[in-house]
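In what follows, a structure is listed as structure tokens, so that the remarks can point back to it.
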Amino acid sequence: MKGILIKSKLSIVLLNWNGHEDTVECLNSLKNLGYGDFNIYLVDNNSQRNSVEYISDYLENQDYYSHAMVTSNKLDDYTDDVDLLFILNDVNAGFAGGNNVALEYLIKYDVCEYVLLLNNDTVVSSDFVNALFDKYNQEDNVAFVGATHYYYDDNNSIQTVGGGIIDWKHGECMAVRQKNQYDTYDFITGSCVFMPIAVLREVGPISTDYFMYWEDVDWSTVAHKKGYNLVVSDYGCIYHKEGSSIKSLSRIYYHTANRILFMKKHSDRNRYHKFIIYMVLYVLKESLTNILKNRQYSKVLIKGLMAGLKKVQ
């Protein structure tokens, strides 16, 4: 059988898109984990050549990870056993599509027991993975486990505890920033999602409908609807350079469009219709209020609204 020779208890999935310096710093931090039975699937999402070469040079000049490189269309034919497989995607498939290159491989082949989806713009504490396992083992009926995120530039400030709640009335997802506020969460933040491979097979890979933003909320909601709980670890953490590769206007566009798509997919008709009325009024008010001082913001907001409405028709 093809494609089954990379074996470990835990497979870590990383995605690079022109973030080579972040990726290398993340890989260096993973060397210091107090947990050793893991391998890494690093997917490059059609970055510029210098980004791929930077990572390739790093791998060639370090002696911690045994490694190999393969294109995504040849992944099923891969036959070597290494610590890190560098997978080159031929398109920028977005957050979901890029990560799914590795996730679909893991679903297809029996190469691990657990999966960790981790953003490349993170640095991890040495006890981070042990904490994920401990939390999973002490709770019942868990799909996803998240971890506390601290700001990379301010190690004492919590960015999110690793999970969040959904405001179904306004179609908004809100990261929780206070520890021990909830026992379970509506979603686990997509920058760090730990799960057993059995759950990944049942829930499936990340929806590619979103390209970026809201895909983690959608993924978590699918798990919730299957009766699973979503929790966060009690210790260990990551330090996150949030949004380091995403411009603010792109964030506004995708967030606006995708919250409409999410509500259409996961709320009942009555709730969705009330939300759409709210959303249209909100965008019109925001656009008119800001049209003189920030015309570009107003235009992007309206484009996001129209794109979201078009997606769900």
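We label chains A, B, ... in the order they appear in the structure tokens, count residues from 1 in each chain, and number ligands from 1 in the order shown.
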Just want the 10 Å neighbourhood of Asp183 in chain A, counted on only C-alpha atoms, with same-chain residues fewer than 6 positions away dropped. Output as a PyMOL selection string.
chain A and resi 229-232
Contact residues around range 138-142 of chain A with only C-alpha atoms at 9 Å, ignoring same-chain residues under 2 positions, as a ChimeraX atom specification:
/A:133-136,144-145,195,199,227-231
Can you work out which one of A:Ser8, A:Asn119, A:Ser66, A:Asn46 has the shortest atom-to-atom distance to Asp22 in chain A, counting only C-alpha atoms?
A:Asn119
Hey, can you check how far CA of Glu202 in chain A sits from CA of His224 in chain A?
11.9 Å
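Put simply, CA of Ser220 in chain A is 10.3 Å away from CA of Gly164 in chain A.
Put simply, CA of Asp127 in chain A is 11.8 Å away from CA of Lys31 in chain A.
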Which of range 166-276 of chain A DSSP labels alpha helix (DSSP H), written as a PyMOL selection string:
chain A and resi 197-203+215-225+248-266+269-276
Would you list the contacts of Asp216 in chain A as a ChimeraX atom specification, taking every protein, DNA or RNA residue within 7 Å and counting only C-alpha atoms, but skipping same-chain residues closer than 6 positions in sequence?
/A:188-190
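Around Cys112 in chain A, within 12 Å and counting only C-alpha atoms, the residues found are Ile4, Leu5, Ile6, Lys7, Ser8, Lys9, Leu10, Ser11, Ile12, Val13, Asp37, Phe38, Asn39, Ile40, Tyr41, Leu103, Tyr105, Leu106, Met195, Pro196, Ile197, Ala198 and Leu200 of chain A, once anything fewer than 6 positions away on its own chain is removed.
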Show which residues sit within 10 Å of Ile165 in chain A, as a list in words. Count only C-alpha atoms, and ignore same-chain residues fewer than 5 positions away.
Glu172, Cys173, Met174, Ala175, Val176, Tyr182, Thr184, Tyr185, Asp186, Phe187, Ile188 and Val217 of chain A
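Take the candidates A:Gln62, A:Val24, A:Leu88, A:Thr71 and check each one against Arg49 in chain A using only C-alpha atoms; the shortest distance goes to A:Leu88.
Using only C-alpha atoms, the nearest neighbour of Tyr278 in chain A within the list A:Gly146, A:Gly171, A:Gly97, A:Gly162 is A:Gly171.
The closest residue to Asn180 in chain A, picked from A:Asn120, A:Asn18, A:Asn73, A:Thr148 and counting only C-alpha atoms, is A:Thr148.
Among the residues of range 166-265 of chain A, backbone DSSP assigns strand (DSSP E or B) to Ile166, Asp167, Glu172, Cys173, Met174, Ala175, Phe187, Ile188, Cys192, Val193, Phe194, Met195, Pro196, Asn229, Leu230, Val231, Val232, Ser233, Asp234, Tyr235, Gly236, Cys237, Ile238, Tyr239 and His240 of chain A.
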Using only N, CA and C atoms, please write the residues we just selected to a file, as a short mmCIF file (atom, residue, chain, number, x, y, z; two decimals), in the first residue's frame.
data_model
loop_
_atom_site.label_atom_id
_atom_site.label_comp_id
_atom_site.auth_asym_id
_atom_site.auth_seq_id
_atom_site.Cartn_x
_atom_site.Cartn_y
_atom_site.Cartn_z
N ILE A 166 -20.10 31.48 20.36
CA ILE A 166 -20.78 32.02 19.19
C ILE A 166 -22.00 32.83 19.63
N ASP A 167 -22.09 34.05 19.14
CA ASP A 167 -23.29 34.88 19.32
C ASP A 167 -24.18 34.60 18.11
N GLU A 172 -21.72 36.22 15.22
CA GLU A 172 -20.36 36.62 15.56
C GLU A 172 -19.69 35.55 16.42
N CYS A 173 -18.40 35.35 16.21
CA CYS A 173 -17.63 34.42 17.05
C CYS A 173 -16.66 35.24 17.90
N MET A 174 -16.58 34.90 19.16
CA MET A 174 -15.80 35.71 20.10
C MET A 174 -14.85 34.83 20.87
N ALA A 175 -13.56 35.12 20.74
CA ALA A 175 -12.55 34.38 21.49
C ALA A 175 -12.68 34.70 22.98
N PHE A 187 -16.37 26.80 19.97
CA PHE A 187 -15.37 26.50 18.95
C PHE A 187 -13.98 26.54 19.56
N ILE A 188 -13.06 25.82 18.92
CA ILE A 188 -11.65 25.84 19.27
C ILE A 188 -10.93 26.64 18.20
N CYS A 192 -4.67 26.28 16.79
CA CYS A 192 -4.21 25.12 17.56
C CYS A 192 -5.40 24.21 17.84
N VAL A 193 -5.47 23.09 17.13
CA VAL A 193 -6.57 22.14 17.31
C VAL A 193 -5.99 20.73 17.40
N PHE A 194 -6.17 20.10 18.55
CA PHE A 194 -5.69 18.74 18.80
C PHE A 194 -6.88 17.79 18.82
N MET A 195 -6.72 16.60 18.21
CA MET A 195 -7.83 15.64 18.13
C MET A 195 -7.29 14.25 17.88
N PRO A 196 -8.04 13.21 18.27
CA PRO A 196 -7.67 11.86 17.84
C PRO A 196 -8.01 11.67 16.37
N ASN A 229 -17.76 17.32 22.77
CA ASN A 229 -17.40 18.51 23.54
C ASN A 229 -16.08 19.09 23.04
N LEU A 230 -15.90 20.37 23.27
CA LEU A 230 -14.69 21.08 22.88
C LEU A 230 -14.10 21.72 24.13
N VAL A 231 -12.83 21.43 24.42
CA VAL A 231 -12.22 21.88 25.67
C VAL A 231 -10.85 22.48 25.39
N VAL A 232 -10.27 23.09 26.44
CA VAL A 232 -8.92 23.65 26.32
C VAL A 232 -8.05 23.09 27.44
N SER A 233 -6.76 23.01 27.19
CA SER A 233 -5.84 22.41 28.15
C SER A 233 -5.66 23.29 29.39
N ASP A 234 -5.22 22.66 30.48
CA ASP A 234 -5.09 23.35 31.77
C ASP A 234 -3.73 24.00 31.96
N TYR A 235 -2.74 23.60 31.19
CA TYR A 235 -1.41 24.20 31.29
C TYR A 235 -0.74 24.11 29.92
N GLY A 236 0.47 24.64 29.83
CA GLY A 236 1.11 24.72 28.52
C GLY A 236 0.49 25.86 27.71
N CYS A 237 1.19 26.32 26.69
CA CYS A 237 0.68 27.45 25.91
C CYS A 237 1.42 27.57 24.59
N ILE A 238 0.90 28.46 23.76
CA ILE A 238 1.61 28.89 22.56
C ILE A 238 1.68 30.41 22.56
N TYR A 239 2.67 30.94 21.86
CA TYR A 239 2.83 32.38 21.68
C TYR A 239 2.56 32.67 20.21
N HIS A 240 1.56 33.50 19.94
CA HIS A 240 1.01 33.61 18.60
C HIS A 240 1.19 35.01 18.02
#
